[in-house]
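Engineer: Dropping in structure.cif, with mmCIF, C-alpha atoms and all ligand atoms.
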```cif
data_final
#
loop_
_atom_site.label_atom_id
_atom_site.label_comp_id
_atom_site.auth_asym_id
_atom_site.auth_seq_id
_atom_site.Cartn_x
_atom_site.Cartn_y
_atom_site.Cartn_z
CA MET V 1 122.65 154.92 -3.25
CA ASP V 2 120.93 156.29 -6.34
CA ILE V 3 117.45 155.45 -7.59
CA HIS V 4 115.65 155.96 -10.89
CA GLU V 5 113.74 159.09 -11.84
CA HIS V 6 110.39 157.26 -11.86
CA GLN V 7 111.06 155.94 -8.35
CA ALA V 8 112.04 159.40 -7.08
CA LYS V 9 108.89 160.86 -8.59
CA GLU V 10 106.75 158.16 -6.99
CA ILE V 11 108.29 158.93 -3.58
CA LEU V 12 108.02 162.70 -3.95
CA LYS V 13 104.43 162.42 -5.15
CA GLY V 14 103.64 160.56 -1.93
CA PHE V 15 104.91 163.56 0.02
CA GLY V 16 102.81 165.97 -2.02
CA VAL V 17 105.14 167.11 -4.82
CA PRO V 18 103.28 167.60 -8.12
CA VAL V 19 104.74 165.37 -10.87
CA PRO V 20 103.55 164.55 -14.40
CA ARG V 21 101.49 161.37 -14.81
CA GLY V 22 103.67 158.54 -16.06
CA ILE V 23 104.01 154.77 -16.50
CA VAL V 24 107.14 152.58 -16.51
CA ALA V 25 107.77 150.33 -19.52
CA TYR V 26 110.21 147.49 -20.12
CA SER V 27 109.43 146.83 -23.79
CA PRO V 28 108.38 148.83 -26.87
CA GLU V 29 104.89 147.26 -26.64
CA GLN V 30 104.55 148.32 -23.01
CA ALA V 31 105.76 151.82 -23.89
CA ALA V 32 103.13 152.24 -26.62
CA TYR V 33 100.50 150.81 -24.28
CA ALA V 34 101.58 153.27 -21.58
CA ALA V 35 101.06 156.20 -23.96
CA ARG V 36 97.55 154.97 -24.82
CA GLU V 37 96.80 154.33 -21.15
CA LEU V 38 97.88 157.87 -20.21
CA GLY V 39 95.44 159.02 -22.84
CA GLY V 40 95.02 162.40 -24.44
CA LYS V 41 96.24 163.41 -27.86
CA GLY V 42 99.89 163.51 -26.84
CA PRO V 43 102.63 164.36 -27.11
CA TRP V 44 104.26 161.99 -24.66
CA VAL V 45 107.76 162.12 -23.30
CA VAL V 46 109.77 158.90 -23.31
CA LYS V 47 112.72 158.92 -20.91
CA ALA V 48 115.54 156.43 -20.48
CA GLN V 49 115.73 155.32 -16.83
CA VAL V 50 119.42 155.25 -16.00
CA HIS V 51 121.29 156.44 -12.93
CA SER V 52 122.65 159.54 -14.62
CA GLY V 53 121.66 163.04 -15.55
CA GLY V 54 122.35 164.66 -18.90
CA ARG V 55 120.05 162.17 -20.64
CA GLY V 56 118.35 164.85 -22.71
CA GLU V 57 121.57 165.92 -24.43
CA ALA V 58 122.61 162.29 -24.88
CA GLY V 59 119.43 161.36 -26.78
CA GLY V 60 117.76 159.59 -23.87
CA VAL V 61 114.67 161.84 -23.69
CA LYS V 62 112.24 162.32 -26.56
CA LEU V 63 108.94 164.00 -27.20
CA CYS V 64 106.77 161.63 -29.27
CA LYS V 65 103.57 162.53 -31.12
CA SER V 66 102.00 159.07 -31.49
CA ASP V 67 102.06 155.69 -29.78
CA ALA V 68 103.80 154.29 -32.87
CA GLU V 69 106.57 156.86 -32.45
CA VAL V 70 106.79 155.93 -28.77
CA ALA V 71 107.23 152.26 -29.71
CA ASP V 72 109.88 153.05 -32.37
CA TYR V 73 111.89 155.22 -30.04
CA ALA V 74 111.58 152.65 -27.22
CA LYS V 75 112.85 149.96 -29.57
CA SER V 76 115.89 152.01 -30.53
CA LEU V 77 116.74 152.78 -26.91
CA LEU V 78 116.05 149.63 -24.86
CA GLY V 79 119.06 147.37 -24.46
CA THR V 80 121.56 150.08 -25.46
CA GLN V 81 124.18 151.78 -23.30
CA LEU V 82 123.42 155.46 -22.81
CA VAL V 83 126.60 157.52 -22.63
CA THR V 84 126.08 160.93 -21.02
CA LYS V 85 128.39 163.67 -19.79
CA GLN V 86 128.10 162.13 -16.33
CA THR V 87 128.81 158.47 -17.18
CA ASP V 88 132.08 156.84 -18.25
CA ALA V 89 132.70 155.83 -21.87
CA ASN V 90 130.71 152.61 -21.28
CA GLY V 91 127.57 154.45 -20.31
CA LYS V 92 124.64 152.92 -18.40
CA GLY V 93 122.38 150.16 -19.66
CA VAL V 94 118.84 151.18 -20.60
CA TYR V 95 116.47 148.45 -19.43
CA ARG V 96 113.43 150.50 -18.55
CA LEU V 97 111.72 153.62 -19.81
CA TYR V 98 109.37 156.11 -18.29
CA VAL V 99 106.52 157.35 -20.45
CA GLU V 100 104.90 160.58 -19.30
CA GLU V 101 102.30 162.99 -20.52
CA ALA V 102 104.22 165.97 -21.87
CA SER V 103 104.11 169.28 -20.04
CA ASP V 104 103.80 172.73 -21.58
CA ILE V 105 106.82 174.57 -20.30
CA ALA V 106 106.78 178.33 -19.68
CA GLN V 107 109.85 178.51 -17.42
CA GLU V 108 112.47 176.09 -16.09
CA LEU V 109 113.92 176.48 -12.57
CA TYR V 110 116.57 174.59 -10.65
CA LEU V 111 115.96 173.19 -7.16
CA GLY V 112 118.30 171.06 -5.09
CA PHE V 113 118.47 169.85 -1.48
CA VAL V 114 121.96 168.80 -0.45
CA LEU V 115 123.85 168.06 2.72
CA ASP V 116 126.11 171.02 3.44
CA ARG V 117 129.07 169.60 5.35
CA LYS V 118 130.31 173.00 6.45
CA THR V 119 127.16 173.92 8.36
CA GLU V 120 126.25 170.24 8.97
CA ARG V 121 122.76 171.00 7.71
CA ILE V 122 120.47 170.44 4.79
CA MET V 123 120.83 173.29 2.33
CA ILE V 124 118.51 174.38 -0.44
CA VAL V 125 120.12 175.57 -3.65
CA ALA V 126 117.79 177.10 -6.21
CA SER V 127 117.94 179.15 -9.36
CA GLY V 128 115.45 180.81 -11.67
CA HIS V 129 117.60 179.41 -14.45
CA GLY V 130 116.88 175.66 -14.77
CA GLY V 131 117.64 172.86 -17.20
CA MET V 132 121.44 173.18 -17.02
CA GLU V 133 123.57 171.03 -14.74
CA ILE V 134 124.25 172.72 -11.41
CA GLU V 135 128.00 172.73 -12.09
CA ASP V 136 127.48 174.66 -15.33
CA LEU V 137 124.97 176.94 -13.63
CA ALA V 138 127.44 177.74 -10.85
CA HIS V 139 129.98 178.54 -13.54
CA GLU V 140 127.84 180.46 -16.02
CA ASP V 141 125.29 182.21 -13.84
CA PRO V 142 126.49 182.12 -10.20
CA ASP V 143 124.50 185.23 -9.29
CA SER V 144 121.24 183.44 -10.03
CA LEU V 145 121.91 180.89 -7.25
CA VAL V 146 119.92 181.23 -4.06
CA ARG V 147 121.19 179.27 -1.04
CA SER V 148 119.33 178.72 2.20
CA VAL V 149 120.29 176.52 5.15
CA ILE V 150 117.57 174.69 7.10
CA ASP V 151 117.70 174.68 10.89
CA PRO V 152 116.95 171.07 11.92
CA ALA V 153 115.37 172.19 15.21
CA VAL V 154 112.50 173.97 13.47
CA GLY V 155 112.61 172.44 9.99
CA LEU V 156 111.84 174.37 6.80
CA ARG V 157 109.65 177.29 7.87
CA GLU V 158 107.05 178.80 5.60
CA TYR V 159 108.61 182.28 5.66
CA GLN V 160 111.95 180.79 4.66
CA ALA V 161 110.38 178.98 1.68
CA ARG V 162 108.47 182.14 0.70
CA ASP V 163 111.65 184.15 0.80
CA ILE V 164 113.39 181.72 -1.57
CA GLY V 165 110.39 181.84 -3.91
CA PHE V 166 110.42 185.64 -4.07
CA ARG V 167 114.18 185.71 -4.59
CA LEU V 168 113.65 183.43 -7.62
CA GLY V 169 111.23 186.01 -9.02
CA LEU V 170 108.02 184.00 -8.61
CA ASP V 171 104.71 185.83 -8.32
CA GLY V 172 102.43 185.58 -5.29
CA LYS V 173 100.33 182.68 -6.55
CA GLN V 174 103.39 180.69 -7.64
CA VAL V 175 105.08 181.34 -4.31
CA ASN V 176 102.19 179.64 -2.50
CA GLN V 177 102.64 176.53 -4.64
CA PHE V 178 106.39 176.77 -4.22
CA VAL V 179 106.13 176.71 -0.40
CA THR V 180 104.12 173.46 -0.48
CA PHE V 181 106.52 172.04 -3.07
CA LEU V 182 109.60 172.86 -1.01
CA GLN V 183 108.18 171.55 2.26
CA ALA V 184 107.17 168.27 0.61
CA CYS V 185 110.70 167.80 -0.82
CA TYR V 186 112.22 168.61 2.55
CA ARG V 187 110.05 166.05 4.37
CA ALA V 188 110.96 163.38 1.80
CA TYR V 189 114.65 164.19 2.24
CA ARG V 190 114.52 164.15 6.03
CA ASP V 191 112.16 161.22 6.58
CA LEU V 192 113.99 158.88 4.19
CA ASP V 193 117.61 159.77 5.06
CA ALA V 194 118.33 161.17 1.62
CA MET V 195 121.64 162.74 0.68
CA MET V 196 120.29 164.66 -2.26
CA VAL V 197 117.00 165.65 -3.84
CA GLU V 198 117.31 167.45 -7.14
CA ILE V 199 114.46 168.78 -9.27
CA ASN V 200 116.00 169.95 -12.52
CA PRO V 201 114.05 171.34 -14.10
CA LEU V 202 111.22 172.38 -11.84
CA VAL V 203 108.90 173.92 -14.40
CA ILE V 204 106.20 176.50 -14.42
CA THR V 205 103.71 175.33 -17.01
CA ARG V 206 101.87 177.62 -19.41
CA GLN V 207 98.82 177.02 -17.22
CA GLY V 208 100.81 178.55 -14.34
CA SER V 209 101.37 175.50 -12.14
CA LEU V 210 104.63 174.19 -10.71
CA ILE V 211 105.65 170.63 -11.53
CA ALA V 212 108.73 168.44 -11.04
CA LEU V 213 109.68 167.62 -14.63
CA ASP V 214 112.76 165.67 -13.57
CA ALA V 215 113.66 164.23 -10.15
CA LYS V 216 116.77 162.71 -8.74
CA MET V 217 117.24 161.29 -5.25
CA SER V 218 120.18 159.62 -3.62
CA PHE V 219 120.34 158.08 -0.17
CA ASP V 220 122.75 157.62 2.69
CA THR V 221 123.90 153.99 2.49
CA ASN V 222 124.70 154.03 6.21
CA ALA V 223 121.00 154.58 6.95
CA LEU V 224 119.65 151.92 4.59
CA TYR V 225 119.35 149.40 7.42
CA ARG V 226 116.40 151.42 8.73
CA ARG V 227 114.92 152.23 5.31
CA PRO V 228 114.11 148.83 3.79
CA GLN V 229 111.57 150.48 1.46
CA VAL V 230 114.42 152.54 -0.02
CA GLU V 231 116.89 149.66 -0.19
CA ALA V 232 114.28 147.69 -2.16
CA LEU V 233 114.69 150.27 -4.97
CA ARG V 234 118.33 149.36 -5.59
CA ASP V 235 119.04 148.49 -9.23
CA PRO V 236 122.25 146.45 -9.65
CA SER V 237 122.12 146.93 -13.44
CA GLN V 238 123.11 150.56 -12.85
CA GLU V 239 126.04 149.87 -10.55
CA ASP V 240 129.67 149.46 -11.56
CA PRO V 241 130.00 145.64 -11.39
CA ARG V 242 133.45 146.03 -9.82
CA GLU V 243 132.08 148.20 -7.03
CA ALA V 244 129.08 145.92 -6.48
CA PHE V 245 131.38 142.89 -6.13
CA ALA V 246 133.61 144.75 -3.66
CA ALA V 247 130.66 145.97 -1.58
CA ASP V 248 129.44 142.36 -1.31
CA HIS V 249 132.83 141.46 0.23
CA GLY V 250 133.07 144.39 2.61
CA LEU V 251 135.84 146.22 0.73
CA ALA V 252 135.87 149.97 0.16
CA TYR V 253 136.48 150.15 -3.61
CA VAL V 254 136.12 152.83 -6.24
CA GLY V 255 136.84 151.94 -9.86
CA LEU V 256 138.98 154.35 -11.91
CA ASP V 257 140.28 154.49 -15.47
CA GLY V 258 143.99 153.61 -15.08
CA ASP V 259 145.83 150.28 -15.28
CA ILE V 260 147.61 149.98 -11.92
CA GLY V 261 145.45 147.99 -9.52
CA CYS V 262 145.84 149.04 -5.87
CA ILE V 263 145.39 146.97 -2.73
CA ILE V 264 146.08 149.22 0.23
CA ASN V 265 145.16 149.40 3.88
CA GLY V 266 143.76 152.66 5.16
CA ALA V 267 141.98 155.30 3.07
CA GLY V 268 144.74 157.85 3.70
CA LEU V 269 147.51 155.54 2.56
CA ALA V 270 145.37 154.55 -0.44
CA MET V 271 145.04 158.22 -1.45
CA ALA V 272 148.77 158.79 -0.93
CA SER V 273 149.62 155.70 -2.99
CA MET V 274 147.41 156.88 -5.84
CA ASP V 275 149.18 160.24 -5.75
CA MET V 276 152.59 158.52 -5.81
CA ILE V 277 151.55 156.41 -8.80
CA GLN V 278 150.58 159.56 -10.69
CA LEU V 279 153.80 161.26 -9.66
CA ALA V 280 155.73 158.28 -11.05
CA GLY V 281 153.87 158.72 -14.36
CA GLY V 282 151.20 156.02 -13.98
CA GLN V 283 147.43 155.90 -13.53
CA PRO V 284 145.66 154.00 -10.73
CA ALA V 285 142.91 151.58 -11.79
CA ASN V 286 141.11 151.88 -8.49
CA PHE V 287 140.95 153.00 -4.92
CA LEU V 288 140.79 150.03 -2.55
CA ASP V 289 141.02 149.98 1.22
CA ILE V 290 141.15 146.46 2.66
CA GLY V 291 140.63 147.87 6.16
CA GLY V 292 142.18 146.90 9.47
CA GLY V 293 142.73 143.29 10.59
CA ALA V 294 142.57 141.92 7.04
CA SER V 295 142.65 138.13 7.00
CA PRO V 296 144.39 136.24 4.16
CA GLU V 297 140.90 135.45 2.88
CA ARG V 298 140.04 139.13 2.66
CA VAL V 299 143.30 139.92 0.86
CA CYS V 300 142.37 137.19 -1.60
CA GLN V 301 138.95 138.83 -2.20
CA ALA V 302 140.72 142.13 -2.76
CA PHE V 303 142.79 140.48 -5.54
CA ARG V 304 139.61 139.07 -7.09
CA THR V 305 138.03 142.54 -7.02
CA VAL V 306 141.03 144.28 -8.58
CA LEU V 307 141.46 141.55 -11.21
CA SER V 308 137.81 141.77 -12.24
CA ASP V 309 138.86 145.03 -13.94
CA LYS V 310 140.24 144.00 -17.32
CA ASN V 311 142.29 147.19 -17.65
CA VAL V 312 144.58 146.21 -14.80
CA SER V 313 148.12 145.33 -15.98
CA VAL V 314 149.97 145.35 -12.63
CA ILE V 315 148.96 145.16 -8.98
CA LEU V 316 150.46 147.25 -6.23
CA VAL V 317 150.02 146.02 -2.64
CA ASN V 318 150.96 148.66 -0.11
CA ILE V 319 150.48 147.89 3.57
CA PHE V 320 151.37 149.84 6.63
CA ALA V 321 150.37 147.35 9.30
CA GLY V 322 149.18 148.73 12.60
CA ILE V 323 146.14 146.64 13.42
CA ASN V 324 146.95 144.56 10.34
CA ARG V 325 149.78 142.01 10.36
CA CYS V 326 152.27 141.81 7.48
CA ASP V 327 152.50 138.01 7.77
CA TRP V 328 148.75 137.72 7.23
CA ILE V 329 148.89 140.03 4.24
CA ALA V 330 151.81 137.98 2.80
CA LYS V 331 149.84 134.77 3.29
CA GLY V 332 146.87 136.41 1.58
CA VAL V 333 149.01 137.38 -1.43
CA ILE V 334 150.27 133.80 -1.76
CA GLN V 335 146.78 132.40 -1.34
CA ALA V 336 145.61 134.73 -4.11
CA TYR V 337 148.32 133.35 -6.44
CA LYS V 338 147.04 129.82 -5.72
CA GLU V 339 143.29 130.45 -5.75
CA VAL V 340 142.74 133.35 -8.10
CA GLY V 341 145.54 132.62 -10.57
CA ILE V 342 147.60 135.77 -11.15
CA ASP V 343 149.52 136.27 -14.38
CA LEU V 344 150.33 139.93 -13.83
CA PRO V 345 153.32 141.54 -12.12
CA VAL V 346 152.66 142.12 -8.41
CA VAL V 347 154.59 144.73 -6.43
CA VAL V 348 154.44 144.35 -2.64
CA ARG V 349 155.54 146.87 -0.05
CA LEU V 350 155.11 145.85 3.58
CA SER V 351 155.81 147.91 6.65
CA GLY V 352 154.80 147.80 10.32
CA THR V 353 153.64 144.91 12.51
CA ASN V 354 155.41 141.57 11.78
CA VAL V 355 157.18 143.01 8.75
CA GLU V 356 160.15 140.59 8.90
CA GLU V 357 157.87 137.57 9.00
CA GLY V 358 155.84 138.96 6.13
CA GLN V 359 158.88 139.61 3.95
CA LYS V 360 160.25 136.15 4.75
CA ILE V 361 157.02 134.50 3.61
CA ILE V 362 157.14 136.45 0.33
CA ARG V 363 160.87 135.65 -0.22
CA GLU V 364 160.47 131.95 0.42
CA SER V 365 157.31 131.58 -1.67
CA GLY V 366 159.36 131.37 -4.87
CA LEU V 367 156.69 133.51 -6.59
CA PRO V 368 157.74 136.32 -8.97
CA ILE V 369 156.71 139.05 -6.54
CA ILE V 370 158.49 142.39 -6.85
CA SER V 371 159.36 143.75 -3.40
CA ALA V 372 159.79 147.39 -2.45
CA ASP V 373 160.82 149.08 0.78
CA THR V 374 159.27 152.51 0.45
CA LEU V 375 156.10 153.91 -1.00
CA ALA V 376 158.03 155.83 -3.68
CA GLU V 377 159.95 152.71 -4.68
CA ALA V 378 156.74 150.68 -4.84
CA ALA V 379 155.07 153.27 -7.09
CA ASP V 380 158.12 153.48 -9.38
CA ARG V 381 158.32 149.71 -9.74
CA ALA V 382 154.61 149.37 -10.41
CA VAL V 383 154.74 152.03 -13.12
CA ALA V 384 157.86 150.42 -14.65
CA ALA V 385 156.20 146.98 -14.65
CA ALA V 386 153.07 148.43 -16.27
CA SER V 387 155.00 150.10 -19.09
CA GLN V 388 157.06 146.94 -19.68
CA LYS V 389 153.85 144.97 -19.95
CA ILE V 390 152.41 147.43 -22.45
CA ALA V 391 155.69 147.36 -24.45
CA ALA V 392 155.60 143.54 -24.52
CA GLU V 393 152.03 143.42 -25.89
P1 LIG N 401 118.19 164.96 -17.94
O1 LIG N 401 118.73 165.51 -19.23
O2 LIG N 401 118.72 163.60 -17.63
O3 LIG N 401 118.37 165.91 -16.80
O4 LIG N 401 116.61 164.75 -18.15
P2 LIG N 401 115.37 165.76 -17.92
O5 LIG N 401 114.27 164.99 -17.33
O6 LIG N 401 115.79 166.97 -17.17
O7 LIG N 401 114.94 166.15 -19.38
C1 LIG N 401 115.79 166.86 -20.24
C2 LIG N 401 115.04 167.94 -20.98
O8 LIG N 401 114.01 167.39 -21.76
C3 LIG N 401 114.37 168.94 -20.06
O9 LIG N 401 115.24 169.95 -19.60
C4 LIG N 401 113.29 169.51 -20.98
O10 LIG N 401 113.82 170.56 -21.77
C5 LIG N 401 112.95 168.33 -21.89
N1 LIG N 401 111.67 167.74 -21.43
C6 LIG N 401 111.50 166.76 -20.53
N2 LIG N 401 110.19 166.53 -20.29
C7 LIG N 401 109.52 167.41 -21.09
C8 LIG N 401 108.12 167.70 -21.30
O11 LIG N 401 107.22 167.13 -20.70
N3 LIG N 401 107.82 168.69 -22.20
C9 LIG N 401 108.79 169.37 -22.87
N4 LIG N 401 108.41 170.31 -23.73
N5 LIG N 401 110.10 169.12 -22.69
C10 LIG N 401 110.46 168.16 -21.81
MN MN N 402 117.24 166.95 -15.54
#
```
Can you turn what I pasted into structure tokens?
Structural biologist:
Amino acid sequence: MDIHEHQAKEILKGFGVPVPRGIVAYSPEQAAYAARELGGKGPWVVKAQVHSGGRGEAGGVKLCKSDAEVADYAKSLLGTQLVTKQTDANGKGVYRLYVEEASDIAQELYLGFVLDRKTERIMIVASGHGGMEIEDLAHEDPDSLVRSVIDPAVGLREYQARDIGFRLGLDGKQVNQFVTFLQACYRAYRDLDAMMVEINPLVITRQGSLIALDAKMSFDTNALYRRPQVEALRDPSQEDPREAFAADHGLAYVGLDGDIGCIINGAGLAMASMDMIQLAGGQPANFLDIGGGASPERVCQAFRTVLSDKNVSVILVNIFAGINRCDWIAKGVIQAYKEVGIDLPVVVRLSGTNVEEGQKIIRESGLPIISADTLAEAADRAVAAASQKIAAE
């Protein structure tokens, strides 16, 4: 689960990370008021609060010299969709802004805490070259990257943090600040079950102090049950509505850009089906795993989820029933026709437990369901049905 920059900064500040002073605003009036409240002669930085990086390049971050300029910029930004390199073509809705006192930047660094699956530990990735996305950094200046794995038994030791600081080229005084900075980020990560803490850029100001100019945190959803204070920060306006709907119904769903809706059981079979669709020349609209022991009701919810995506032009149901039962799946498909109202081609491939009963139910339903025996056949038929539908429109 992702949170907003202003929330991440609030959390990190509580652990002792230095951040610029800032105020959240939901309207142009509030934004101008925030600038006056922060005081000083300016400039102020106004930042779109969306769950995405790359806001600067996309026009979502601006240095403003007066409260009037803050209000004007806020007016032009609030209520729009911000499209960045990291979002899809729809972008993310801007409903709140963060107004900060501007910092005087002497140098920008990169700092990230991630979960390294290979070592099963939290790893620090840092670079003396900040501001760029980590992917670009790894591509353009891989030698600048410093990696360091934290031993959970002893935590982040001071000597380890000092070593990273010196490898980044910081001087003695900066290294002392850097040690405190790093340990505070590490405690926030560990104590709140984070998956990622990214400070990009971490800046050294002209006055010589270190400050988190940007902050991004994301959290392990499996640990949210014990972190109600983190769960309270969830912002549904930033979530893909298709994925939010699916999560509410206990389905594992990831929205994609294609037009072939997939209802599959098992993550492995779902991945294989998506590959087969691509091999047959089509594009999947989603990943969806209905899970084991799927009741007709659950199958019905899966149809609702897939159909909530307006790009879908055909639905492929592919079930290999082990714990599942093909007759239940078949009943679910028929229930979906009755309750959800389906006017798209549906391709069904059933295999495994109670397959004969399942196929019989489909045959006798009198519904225009396209059957298939193998995965390859199912993918071919789905792709053919999708292209026919496009040709007909
Ligand atoms: P992102 O593009 O979504 O990662 O947003 P950031 O918070 O990283 O801001 C993008 C860029 O705006 C930064 O890399 C800085 O160059 C610039 N920026 C942000 N805050 C300030 C500030 O206080 N002063 C100055 N001079 N530039 C800033
Ligand atoms: Mn950034």
Engineer: Leaving out Gln229 in chain V and any residue of its chain fewer than 4 positions from it, which residues lie within 12 Å of it when counting all atoms listed in the file, given as a list in words?
Structural biologist: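 What passes the distance filter is Ile3, Gln7, Ile11, Asp191, Leu192, Asp193, Phe219, Ala223, Leu224, Tyr225, Leu233 and Arg234 of chain V.
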Engineer: Skip Lys41 in chain V itself and residues of its chain fewer than 2 positions away, then list as JSON, numbers by chain all residues within 9 Å of it, counting only C-alpha atoms.
Structural biologist: {"V": [39, 43, 44, 65, 66]}
Engineer: Using all atoms listed in the file, find each protein or nucleic acid residue lying at most 10 Å from ligand LIG 401 (chain N); present the set as a PyMOL selection string.
Structural biologist: chain V and resi 5+20+43-63+84-86+99-109+130-133+198-203+205+211-216
Engineer: At what distance in Å, to one decimal, does CA of Gly255 in chain V lie from CA of Gly293 in chain V?
Structural biologist: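 CA of Gly255 in chain V lies at a distance of 23.0 Å from CA of Gly293 in chain V.
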Engineer: In the coordinates of the file, take the point (159.1, 145.4, 1.9) and a cut-off of 7 Å; then, counting all atoms listed in the file, name each qualifying protein, DNA or RNA residue as a list of chain:residue names.
Structural biologist: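 I get V:Val348, V:Arg349, V:Leu350, V:Ser351, V:Gln359, V:Ser371, V:Ala372, V:Asp373 for the residues within 7 Å of that point.
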Engineer: Return the single residue from V:Ala25, V:Leu82, V:Phe178, V:Val230 that is closest to Ala126 in chain V, with distances computed using all atoms listed in the file.
Structural biologist: V:Phe178
Engineer: Tell me, as a list in words, which residues lie within 9 Å of Met123 in chain V, counting all atoms listed in the file; anything in the same chain fewer than 6 positions away does not count.
Structural biologist: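 The residues satisfying every condition are Gly112, Phe113, Val114, Leu115, Asp116, Arg147, Ser148, Val149 and Ile150 of chain V.
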Engineer: From the set V:Ile342, V:Met217, V:Ile290, V:Val306, which residue has the shortest atom-to-atom contact distance to ligand MN 402 (chain N), counting all atoms listed in the file?
Structural biologist: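 Of V:Ile342, V:Met217, V:Ile290, V:Val306, the one nearest ligand MN 402 (chain N), counting all atoms listed in the file, is V:Met217.
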Engineer: CA of Val340 in chain V to CA of Ala270 in chain V: how many Å, to one decimal?
Structural biologist: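 Pair CA of Val340 in chain V / CA of Ala270 in chain V returns 22.7 Å.
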Engineer: Could you rebuild range 342-353 of chain V with N, CA and C atoms and give it back as a compact mmCIF listing (two decimals), keeping the file's coordinate frame?
Structural biologist:
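File produced: part-v1.txt:
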```txt
# COMPACT_ATOMS: atom_id res chain seq x y z
N ILE V 342 147.16 134.42 -10.77
CA ILE V 342 147.60 135.77 -11.15
C ILE V 342 148.68 135.67 -12.21
N ASP V 343 148.46 136.28 -13.37
CA ASP V 343 149.52 136.27 -14.38
C ASP V 343 149.98 137.69 -14.70
N LEU V 344 149.89 138.55 -13.69
CA LEU V 344 150.33 139.93 -13.83
C LEU V 344 151.45 140.18 -12.84
N PRO V 345 152.31 141.18 -13.12
CA PRO V 345 153.32 141.54 -12.12
C PRO V 345 152.63 142.05 -10.84
N VAL V 346 153.18 141.65 -9.69
CA VAL V 346 152.66 142.12 -8.41
C VAL V 346 153.80 142.77 -7.63
N VAL V 347 153.61 144.01 -7.22
CA VAL V 347 154.59 144.73 -6.43
C VAL V 347 154.07 144.79 -4.99
N VAL V 348 154.90 144.36 -4.03
CA VAL V 348 154.44 144.35 -2.64
C VAL V 348 155.38 145.19 -1.78
N ARG V 349 154.78 146.11 -1.04
CA ARG V 349 155.54 146.87 -0.05
C ARG V 349 154.87 146.67 1.31
N LEU V 350 155.64 146.10 2.24
CA LEU V 350 155.11 145.85 3.58
C LEU V 350 155.87 146.68 4.59
N SER V 351 155.17 147.13 5.59
CA SER V 351 155.81 147.91 6.65
C SER V 351 154.94 147.79 7.90
N GLY V 352 155.58 147.83 9.09
CA GLY V 352 154.80 147.80 10.32
C GLY V 352 154.82 146.43 11.00
N THR V 353 153.73 146.11 11.68
CA THR V 353 153.64 144.91 12.51
C THR V 353 154.03 143.63 11.76
```
